[in-house]
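Structure, as structure tokens:
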2 protein chains.
Amino acid sequence: MKFSKKSEYGLRALLELCETYGGRVLQRHEIAERQNIPVEFLEQILLALKRAGLLASRRGIRGGYSLIKSPEEITLGQVIRILDGPLAPISCVSKTAYQKCSDCPYAAKPSCPLQQAMGEVRDAIANILDHYTLSRFARTQPAEGS
Amino acid sequence: MKFSKKSEYGLRALLELCETYGGRVLQRHEIAERQNIPVEFLEQILLALKRAGLLASRRGIRGGYSLIKSPEEITLGQVIRILDGPLAPISCVSKTAYQKCSDCPYAAKPSCPLQQAMGEVRDAIANILDHYTLSRFARTQPAEGS
DNA sequence: AAAATCTTGAGCAACTCACTAGACAACTAT
DNA sequence: ATAGTTGTCTAGTGAGTTGCTCAAGATTTT
């Protein structure tokens, strides 16, 4: 039930991009250094987020990445689905990527115990992550005491 | 955020063992056939559940496996933790297997946005799975209509 | 003793994860 | 224009995990 470094890095990168939202662009190495992420790996992540429409980028000497959607409109659920795929713990309960399980003897029957239980889990996870906005996420500030 | 075949097979096997709880033992090939699980793989799973104290086994010609804890006392959370490890989506929020994240810049600070969000997810998952008993699980019967 | 079952441990192909490398495209300062 | 700096794309790779198989051994019943 782990979720990947890719999502973790992606969310941490967005934390940085939130701070400069509406202002200047950030270059990959700035984000990578501040968040301690391997720069080439980070790049793939930023590219994926760009293709999904969350980020814009500019090349060249004053280039970099910037958020183009408001942090209020982006949820952690969206980001994780972009980077990690569906949230559902097994694909027969996924709402975004449903797939009938082939080997389960209950697949044909009207109700499957596993589907019932995992459906509840899926809903609980989605309920949190799809309502957790990036702005709330970024607001959890590391109280810089010391 | 997937969880493994191992857990899925384990839970499906326990479904069978619930039905004969208090009665006769079940042999691995019986469970394997009914639930459509590769028999040698199933074996490893049953062994793990035995070592964890959920099952007893007997060798020899009238041998097999049987539940030794009441289905009321076993939760899906327990089973999944035995077979798949901790429920937490990242290890810095695990209650059963906590591990400080090494590369996160917030690790030293009093609060980490990721920890906050993932902690909520962990709690939600655990809250469902640690209260979902095997007996409730097995009660979700495939209404055999047809 | 023989047959059936569980037990243990090793092995393995396929896949995924986390990351790296390198060629290429675009922008911009001069 | 062009050199230099940045993002873009595609492919590759080593380590680890998943899902499963195989073979030899231990234990029980008949």
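For the structure tokens, the naming scheme is as follows: chains receive sequential letters (A, B, ...) according to their order of presentation, residues are indexed from 1 within each chain, and ligands are indexed from 1 in presentation order.
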Polymer residues at most 9 Å from A:Gly10, only C-alpha atoms (C1' of nucleotides), same-chain spacing of 4 or more positions, as a PDB file with N, CA and C atoms, in the first residue's frame:
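Written output follows (around_26.pdb):
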```pdb
ATOM      1  N   LYS A   5       7.777   7.535  -4.746  1.00  0.00           N
ATOM      2  CA  LYS A   5       8.639   8.716  -4.654  1.00  0.00           C
ATOM      3  C   LYS A   5       8.206   9.769  -5.652  1.00  0.00           C
ATOM      4  N   LYS A   6       7.775   9.298  -6.808  1.00  0.00           N
ATOM      5  CA  LYS A   6       7.359  10.203  -7.860  1.00  0.00           C
ATOM      6  C   LYS A   6       6.271  11.155  -7.357  1.00  0.00           C
ATOM      7  N   LEU A  14       5.535  20.970  -6.092  1.00  0.00           N
ATOM      8  CA  LEU A  14       4.397  21.888  -6.183  1.00  0.00           C
ATOM      9  C   LEU A  14       4.341  22.842  -4.997  1.00  0.00           C
ATOM     10  N   LEU A  15       4.845  22.376  -3.889  1.00  0.00           N
ATOM     11  CA  LEU A  15       4.960  23.244  -2.711  1.00  0.00           C
ATOM     12  C   LEU A  15       5.800  24.468  -3.023  1.00  0.00           C
ATOM     13  N   LEU A  42      13.307  14.760 -11.370  1.00  0.00           N
ATOM     14  CA  LEU A  42      12.341  15.831 -11.158  1.00  0.00           C
ATOM     15  C   LEU A  42      11.784  16.327 -12.486  1.00  0.00           C
ATOM     16  N   ILE A  45       8.939  14.470 -13.820  1.00  0.00           N
ATOM     17  CA  ILE A  45       7.754  14.744 -13.021  1.00  0.00           C
ATOM     18  C   ILE A  45       7.131  16.062 -13.437  1.00  0.00           C
ATOM     19  N   LEU A  46       7.965  17.087 -13.602  1.00  0.00           N
ATOM     20  CA  LEU A  46       7.467  18.394 -14.010  1.00  0.00           C
ATOM     21  C   LEU A  46       6.831  18.315 -15.392  1.00  0.00           C
ATOM     22  N   LEU A  49       3.426  16.830 -15.133  1.00  0.00           N
ATOM     23  CA  LEU A  49       2.479  17.801 -14.580  1.00  0.00           C
ATOM     24  C   LEU A  49       2.143  18.884 -15.599  1.00  0.00           C
ATOM     25  N   VAL A  79      -3.074  15.266  -8.449  1.00  0.00           N
ATOM     26  CA  VAL A  79      -1.633  15.156  -8.640  1.00  0.00           C
ATOM     27  C   VAL A  79      -1.180  13.702  -8.546  1.00  0.00           C
ATOM     28  N   ILE A  80      -1.653  13.011  -7.532  1.00  0.00           N
ATOM     29  CA  ILE A  80      -1.250  11.622  -7.342  1.00  0.00           C
ATOM     30  C   ILE A  80      -1.736  10.744  -8.482  1.00  0.00           C
ATOM     31  N   LEU A  83       0.604  11.210 -11.444  1.00  0.00           N
ATOM     32  CA  LEU A  83       1.950  10.666 -11.303  1.00  0.00           C
ATOM     33  C   LEU A  83       1.979   9.175 -10.966  1.00  0.00           C
TER      34      LEU A  83
END
```
Exercise: D:DT30 partners within 9 Å, only C-alpha atoms (C1' of nucleotides), chain neighbours under 6 positions left out, as a PyMOL selection string: (chain B and resi 61) or (chain C and resi 2-3)
Identify, on the basis of only C-alpha atoms (C1' of nucleotides), every residue whose closest approach to stretch 103-116 of chain B does not exceed 12 Å; exclude the query and any residue fewer than 6 positions from it along the same chain; express the result as an mmCIF file with N, CA and C atoms, in the first residue's frame.
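Generated file (out-v5.cif):
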```
data_model
loop_
_atom_site.group_PDB
_atom_site.id
_atom_site.type_symbol
_atom_site.label_atom_id
_atom_site.label_comp_id
_atom_site.auth_asym_id
_atom_site.auth_seq_id
_atom_site.Cartn_x
_atom_site.Cartn_y
_atom_site.Cartn_z
ATOM 1 N N LYS A 5 7.777 7.535 -4.746
ATOM 2 C CA LYS A 5 8.639 8.716 -4.654
ATOM 3 C C LYS A 5 8.206 9.769 -5.652
ATOM 4 N N SER A 7 5.267 10.613 -6.730
ATOM 5 C CA SER A 7 4.219 11.451 -6.169
ATOM 6 C C SER A 7 4.754 12.336 -5.061
ATOM 7 N N GLU A 8 5.585 11.766 -4.232
ATOM 8 C CA GLU A 8 6.128 12.542 -3.122
ATOM 9 C C GLU A 8 6.913 13.734 -3.657
ATOM 10 N N TYR A 9 7.810 13.470 -4.599
ATOM 11 C CA TYR A 9 8.598 14.539 -5.199
ATOM 12 C C TYR A 9 7.706 15.551 -5.902
ATOM 13 N N GLY A 10 6.714 15.046 -6.607
ATOM 14 C CA GLY A 10 5.807 15.925 -7.324
ATOM 15 C C GLY A 10 5.106 16.893 -6.382
ATOM 16 N N LEU A 11 4.636 16.372 -5.276
ATOM 17 C CA LEU A 11 3.936 17.221 -4.320
ATOM 18 C C LEU A 11 4.885 18.213 -3.668
ATOM 19 N N ARG A 12 6.092 17.769 -3.381
ATOM 20 C CA ARG A 12 7.058 18.684 -2.768
ATOM 21 C C ARG A 12 7.465 19.778 -3.752
ATOM 22 N N ALA A 13 7.561 19.413 -5.042
ATOM 23 C CA ALA A 13 7.882 20.410 -6.062
ATOM 24 C C ALA A 13 6.759 21.444 -6.162
ATOM 25 N N LEU A 14 5.535 20.970 -6.092
ATOM 26 C CA LEU A 14 4.397 21.888 -6.183
ATOM 27 C C LEU A 14 4.341 22.842 -4.997
ATOM 28 N N LEU A 15 4.845 22.376 -3.889
ATOM 29 C CA LEU A 15 4.960 23.244 -2.711
ATOM 30 C C LEU A 15 5.800 24.468 -3.023
ATOM 31 N N GLU A 16 6.901 24.256 -3.718
ATOM 32 C CA GLU A 16 7.760 25.379 -4.114
ATOM 33 C C GLU A 16 7.068 26.259 -5.138
ATOM 34 N N ILE A 31 14.280 24.075 -7.762
ATOM 35 C CA ILE A 31 13.351 23.191 -7.049
ATOM 36 C C ILE A 31 14.089 21.980 -6.514
ATOM 37 N N ALA A 32 14.931 21.421 -7.383
ATOM 38 C CA ALA A 32 15.659 20.204 -7.010
ATOM 39 C C ALA A 32 16.542 20.434 -5.791
ATOM 40 N N GLU A 33 17.232 21.564 -5.786
ATOM 41 C CA GLU A 33 18.115 21.840 -4.659
ATOM 42 C C GLU A 33 17.339 22.049 -3.360
ATOM 43 N N ARG A 34 16.314 22.894 -3.443
ATOM 44 C CA ARG A 34 15.566 23.208 -2.224
ATOM 45 C C ARG A 34 14.861 21.993 -1.651
ATOM 46 N N GLN A 35 14.399 21.114 -2.536
ATOM 47 C CA GLN A 35 13.626 19.975 -2.054
ATOM 48 C C GLN A 35 14.440 18.691 -2.034
ATOM 49 N N ASN A 36 15.693 18.818 -2.418
ATOM 50 C CA ASN A 36 16.571 17.657 -2.337
ATOM 51 C C ASN A 36 16.081 16.487 -3.191
ATOM 52 N N ILE A 37 15.854 16.789 -4.457
ATOM 53 C CA ILE A 37 15.338 15.813 -5.412
ATOM 54 C C ILE A 37 16.327 15.708 -6.570
ATOM 55 N N PRO A 38 16.652 14.496 -7.037
ATOM 56 C CA PRO A 38 17.526 14.342 -8.202
ATOM 57 C C PRO A 38 16.958 15.093 -9.398
ATOM 58 N N LEU A 76 -4.668 17.185 -4.107
ATOM 59 C CA LEU A 76 -3.644 16.153 -4.015
ATOM 60 C C LEU A 76 -4.050 14.904 -4.805
ATOM 61 N N ILE A 128 -10.567 12.030 1.067
ATOM 62 C CA ILE A 128 -9.565 12.929 1.639
ATOM 63 C C ILE A 128 -8.781 13.635 0.545
ATOM 64 N N LEU A 129 -8.206 12.854 -0.352
ATOM 65 C CA LEU A 129 -7.267 13.440 -1.309
ATOM 66 C C LEU A 129 -7.930 14.325 -2.357
ATOM 67 N N TYR A 132 -8.470 17.724 -0.655
ATOM 68 C CA TYR A 132 -7.292 18.349 -0.056
ATOM 69 C C TYR A 132 -6.660 19.236 -1.117
ATOM 70 N N THR A 133 -6.864 20.541 -1.040
ATOM 71 C CA THR A 133 -6.323 21.423 -2.082
ATOM 72 C C THR A 133 -4.846 21.708 -1.832
ATOM 73 N N LEU A 134 -4.203 22.088 -2.917
ATOM 74 C CA LEU A 134 -2.796 22.438 -2.841
ATOM 75 C C LEU A 134 -2.591 23.640 -1.925
ATOM 76 N N SER A 135 -3.553 24.515 -1.889
ATOM 77 C CA SER A 135 -3.355 25.707 -1.053
ATOM 78 C C SER A 135 -3.414 25.329 0.429
ATOM 79 N N ARG A 136 -4.291 24.410 0.762
ATOM 80 C CA ARG A 136 -4.317 23.924 2.146
ATOM 81 C C ARG A 136 -3.032 23.173 2.454
ATOM 82 N N PHE A 137 -2.606 22.399 1.480
ATOM 83 C CA PHE A 137 -1.381 21.614 1.610
ATOM 84 C C PHE A 137 -0.190 22.535 1.882
ATOM 85 N N ALA A 138 -0.096 23.610 1.113
ATOM 86 C CA ALA A 138 1.035 24.524 1.250
ATOM 87 C C ALA A 138 0.937 25.360 2.511
ATOM 88 N N ARG A 139 -0.262 25.462 3.028
ATOM 89 C CA ARG A 139 -0.469 26.254 4.234
ATOM 90 C C ARG A 139 0.080 25.556 5.483
ATOM 91 N N THR A 140 0.227 24.255 5.413
ATOM 92 C CA THR A 140 0.858 23.520 6.516
ATOM 93 C C THR A 140 2.321 23.910 6.566
ATOM 94 N N GLN A 141 2.565 25.065 7.169
ATOM 95 C CA GLN A 141 3.942 25.533 7.117
ATOM 96 C C GLN A 141 4.798 24.945 8.219
ATOM 97 N N PRO A 142 6.023 24.604 7.869
ATOM 98 C CA PRO A 142 6.970 24.147 8.870
ATOM 99 C C PRO A 142 7.313 25.293 9.815
ATOM 100 N N ALA A 143 6.624 25.401 10.936
ATOM 101 C CA ALA A 143 6.828 26.503 11.884
ATOM 102 C C ALA A 143 8.308 26.649 12.220
ATOM 103 N N GLU A 144 8.911 27.637 11.561
ATOM 104 C CA GLU A 144 10.375 27.797 11.579
ATOM 105 C C GLU A 144 10.939 28.211 12.937
ATOM 106 N N GLY A 145 10.657 27.482 13.965
ATOM 107 C CA GLY A 145 11.159 27.865 15.284
ATOM 108 C C GLY A 145 12.556 27.325 15.543
ATOM 109 N N SER A 146 13.485 28.189 15.787
ATOM 110 C CA SER A 146 14.870 27.830 16.152
ATOM 111 C C SER A 146 15.875 28.722 15.490
ATOM 112 N N ALA B 88 0.493 2.249 6.044
ATOM 113 C CA ALA B 88 0.760 3.650 5.768
ATOM 114 C C ALA B 88 1.314 3.890 4.367
ATOM 115 N N PRO B 89 0.805 4.936 3.686
ATOM 116 C CA PRO B 89 1.245 5.230 2.330
ATOM 117 C C PRO B 89 2.696 5.709 2.225
ATOM 118 N N ILE B 90 3.214 6.328 3.266
ATOM 119 C CA ILE B 90 4.655 6.571 3.328
ATOM 120 C C ILE B 90 5.133 6.288 4.742
ATOM 121 N N SER B 91 6.365 5.808 4.856
ATOM 122 C CA SER B 91 6.757 5.211 6.133
ATOM 123 C C SER B 91 6.916 6.217 7.262
ATOM 124 N N CYS B 92 7.044 7.518 6.921
ATOM 125 C CA CYS B 92 7.178 8.497 7.994
ATOM 126 C C CYS B 92 5.856 8.755 8.699
ATOM 127 N N VAL B 93 4.752 8.159 8.251
ATOM 128 C CA VAL B 93 3.500 8.286 8.986
ATOM 129 C C VAL B 93 2.987 6.939 9.495
ATOM 130 N N SER B 94 3.809 5.916 9.374
ATOM 131 C CA SER B 94 3.381 4.598 9.836
ATOM 132 C C SER B 94 3.433 4.522 11.351
ATOM 133 N N ARG B 122 -3.578 7.666 6.130
ATOM 134 C CA ARG B 122 -3.269 6.467 6.915
ATOM 135 C C ARG B 122 -4.368 6.167 7.927
ATOM 136 N N ASP B 123 -4.770 7.213 8.651
ATOM 137 C CA ASP B 123 -5.786 7.030 9.676
ATOM 138 C C ASP B 123 -7.104 6.546 9.094
#
```
message: Excluding D:DC22 and its own-chain neighbours fewer than 4 positions away, which residues fall within 12 Å of it when counting only C-alpha atoms (C1' of nucleotides)? Please give them as a PyMOL selection string.
response: (chain B and resi 40-41) or (chain C and resi 9-12)
What are the nearest atom pairs, with distances in Å to one decimal, for all residues of chain D that come at most 6 Å from chain A, using only C-alpha atoms (C1' of nucleotides), set out by chain and rising residue number as a Markdown table?
```
| residue | atom | partner | partner_atom | distance |
| --- | --- | --- | --- | --- |
| D:DT5 | C1' | A:Ile61 | CA | 4.6 |
| D:DT6 | C1' | A:Gly60 | CA | 4.1 |
| D:DG7 | C1' | A:Arg59 | CA | 4.7 |
```
task: Once DSSP has gone over the backbone, tell me which residues of stretch 19-127 of chain A are in strand (DSSP E or B), as a PyMOL selection string.
output: chain A and resi 26+55-58+64-67+75
- request: Mind listing the helix (DSSP H, G or I) residues of stretch 16-129 of chain B, per DSSP on the backbone, as a PyMOL selection string?
  value: chain B and resi 16-19+28-35+39-51+76-84+91-93+113-129
File of the preceding selection, N, CA and C atoms, as a compact mmCIF listing (two decimals), in the first residue's frame:
```
# COMPACT_ATOMS: atom_id res chain seq x y z
N GLU B 16 -12.78 -18.92 2.71
CA GLU B 16 -13.09 -20.36 2.72
C GLU B 16 -12.94 -20.95 4.11
N LEU B 17 -11.87 -20.55 4.78
CA LEU B 17 -11.60 -21.11 6.10
C LEU B 17 -12.63 -20.65 7.14
N CYS B 18 -13.23 -19.51 6.90
CA CYS B 18 -14.30 -19.05 7.78
C CYS B 18 -15.49 -20.00 7.73
N GLU B 19 -15.78 -20.47 6.54
CA GLU B 19 -16.95 -21.32 6.37
C GLU B 19 -16.85 -22.63 7.12
N ARG B 28 -4.87 -27.41 1.18
CA ARG B 28 -4.48 -26.29 0.32
C ARG B 28 -5.08 -26.39 -1.08
N HIS B 29 -5.16 -27.63 -1.60
CA HIS B 29 -5.66 -27.72 -2.98
C HIS B 29 -7.16 -27.45 -3.06
N GLU B 30 -7.86 -27.72 -1.96
CA GLU B 30 -9.29 -27.39 -1.95
C GLU B 30 -9.49 -25.88 -2.03
N ILE B 31 -8.72 -25.18 -1.19
CA ILE B 31 -8.82 -23.73 -1.18
C ILE B 31 -8.38 -23.17 -2.53
N ALA B 32 -7.28 -23.71 -3.02
CA ALA B 32 -6.73 -23.21 -4.28
C ALA B 32 -7.72 -23.38 -5.43
N GLU B 33 -8.35 -24.54 -5.48
CA GLU B 33 -9.30 -24.77 -6.57
C GLU B 33 -10.51 -23.86 -6.48
N ARG B 34 -11.09 -23.80 -5.30
CA ARG B 34 -12.30 -23.01 -5.14
C ARG B 34 -12.06 -21.53 -5.39
N GLN B 35 -10.88 -21.07 -4.98
CA GLN B 35 -10.63 -19.63 -5.11
C GLN B 35 -9.75 -19.30 -6.31
N VAL B 39 -1.55 -23.11 -6.34
CA VAL B 39 -1.47 -23.82 -5.07
C VAL B 39 -0.17 -23.60 -4.30
N GLU B 40 0.95 -23.58 -5.00
CA GLU B 40 2.22 -23.40 -4.28
C GLU B 40 2.39 -21.99 -3.72
N PHE B 41 1.82 -21.05 -4.42
CA PHE B 41 1.87 -19.67 -3.92
C PHE B 41 0.96 -19.53 -2.71
N LEU B 42 -0.20 -20.15 -2.81
CA LEU B 42 -1.14 -20.14 -1.69
C LEU B 42 -0.50 -20.68 -0.42
N GLU B 43 0.29 -21.70 -0.61
CA GLU B 43 0.94 -22.35 0.51
C GLU B 43 1.76 -21.36 1.34
N GLN B 44 2.58 -20.58 0.66
CA GLN B 44 3.38 -19.58 1.36
C GLN B 44 2.51 -18.64 2.17
N ILE B 45 1.38 -18.30 1.60
CA ILE B 45 0.47 -17.39 2.27
C ILE B 45 -0.12 -18.03 3.52
N LEU B 46 -0.56 -19.29 3.37
CA LEU B 46 -1.13 -19.99 4.52
C LEU B 46 -0.09 -20.15 5.62
N LEU B 47 1.15 -20.43 5.20
CA LEU B 47 2.22 -20.57 6.18
C LEU B 47 2.44 -19.28 6.96
N ALA B 48 2.42 -18.16 6.24
CA ALA B 48 2.60 -16.87 6.90
C ALA B 48 1.48 -16.61 7.90
N LEU B 49 0.27 -16.96 7.50
CA LEU B 49 -0.87 -16.75 8.40
C LEU B 49 -0.80 -17.69 9.59
N LYS B 50 -0.21 -18.86 9.36
CA LYS B 50 -0.03 -19.79 10.47
C LYS B 50 1.00 -19.23 11.46
N ARG B 51 2.14 -18.77 10.95
CA ARG B 51 3.17 -18.21 11.82
C ARG B 51 2.65 -17.02 12.62
N LEU B 76 -9.37 -7.28 8.79
CA LEU B 76 -8.67 -7.21 7.51
C LEU B 76 -7.33 -6.50 7.66
N GLY B 77 -7.29 -5.50 8.53
CA GLY B 77 -6.05 -4.78 8.78
C GLY B 77 -4.94 -5.71 9.24
N GLN B 78 -5.24 -6.57 10.18
CA GLN B 78 -4.25 -7.54 10.65
C GLN B 78 -3.71 -8.39 9.51
N VAL B 79 -4.62 -8.94 8.76
CA VAL B 79 -4.24 -9.85 7.68
C VAL B 79 -3.35 -9.15 6.65
N ILE B 80 -3.76 -7.96 6.26
CA ILE B 80 -2.99 -7.23 5.26
C ILE B 80 -1.61 -6.85 5.78
N ARG B 81 -1.55 -6.50 7.05
CA ARG B 81 -0.24 -6.18 7.62
C ARG B 81 0.68 -7.40 7.67
N ILE B 82 0.11 -8.56 7.93
CA ILE B 82 0.91 -9.79 7.94
C ILE B 82 1.48 -10.07 6.56
N LEU B 83 0.64 -9.90 5.55
CA LEU B 83 1.03 -10.33 4.21
C LEU B 83 1.71 -9.23 3.38
N ASP B 84 1.37 -8.00 3.66
CA ASP B 84 1.82 -6.89 2.81
C ASP B 84 2.68 -5.86 3.52
N SER B 91 6.37 5.81 4.86
CA SER B 91 6.76 5.21 6.13
C SER B 91 6.92 6.22 7.26
N CYS B 92 7.04 7.52 6.92
CA CYS B 92 7.18 8.50 7.99
C CYS B 92 5.86 8.76 8.70
N VAL B 93 4.75 8.16 8.25
CA VAL B 93 3.50 8.29 8.99
C VAL B 93 2.99 6.94 9.49
N PRO B 113 4.14 19.14 5.52
CA PRO B 113 2.86 19.10 4.81
C PRO B 113 2.48 17.69 4.37
N LEU B 114 3.47 16.99 3.86
CA LEU B 114 3.22 15.64 3.38
C LEU B 114 2.81 14.71 4.52
N GLN B 115 3.48 14.88 5.64
CA GLN B 115 3.17 14.04 6.79
C GLN B 115 1.75 14.30 7.28
N GLN B 116 1.38 15.56 7.26
CA GLN B 116 0.04 15.94 7.66
C GLN B 116 -1.02 15.26 6.79
N ALA B 117 -0.86 15.42 5.48
CA ALA B 117 -1.84 14.87 4.54
C ALA B 117 -1.85 13.35 4.58
N MET B 118 -0.67 12.76 4.53
CA MET B 118 -0.60 11.31 4.47
C MET B 118 -1.00 10.66 5.80
N GLY B 119 -0.80 11.39 6.86
CA GLY B 119 -1.28 10.92 8.16
C GLY B 119 -2.79 10.77 8.16
N GLU B 120 -3.46 11.74 7.56
CA GLU B 120 -4.92 11.64 7.47
C GLU B 120 -5.35 10.43 6.67
N VAL B 121 -4.63 10.18 5.57
CA VAL B 121 -4.96 9.04 4.73
C VAL B 121 -4.72 7.73 5.48
N ARG B 122 -3.58 7.67 6.13
CA ARG B 122 -3.27 6.47 6.91
C ARG B 122 -4.37 6.17 7.93
N ASP B 123 -4.77 7.21 8.65
CA ASP B 123 -5.79 7.03 9.68
C ASP B 123 -7.10 6.55 9.09
N ALA B 124 -7.44 7.09 7.94
CA ALA B 124 -8.70 6.69 7.32
C ALA B 124 -8.67 5.22 6.89
N ILE B 125 -7.55 4.82 6.30
CA ILE B 125 -7.42 3.43 5.87
C ILE B 125 -7.45 2.49 7.08
N ALA B 126 -6.64 2.82 8.08
CA ALA B 126 -6.56 1.97 9.25
C ALA B 126 -7.91 1.91 9.96
N ASN B 127 -8.59 3.02 9.97
CA ASN B 127 -9.87 3.08 10.65
C ASN B 127 -10.88 2.11 10.04
N ILE B 128 -10.83 1.99 8.74
CA ILE B 128 -11.72 1.03 8.09
C ILE B 128 -11.22 -0.40 8.30
N LEU B 129 -9.97 -0.63 7.92
CA LEU B 129 -9.49 -2.01 7.89
C LEU B 129 -9.30 -2.64 9.28
```
message: Using only C-alpha atoms (C1' of nucleotides), I'd like every residue of chain C that has an atom within 7 Å of chain B; please write them out as a ChimeraX atom specification.
response: /C:4-6
field: Distance of atom C1' of C:DA21 from atom CA of B:Cys101, expressed in Å to one decimal place
entry: 27.9 Å
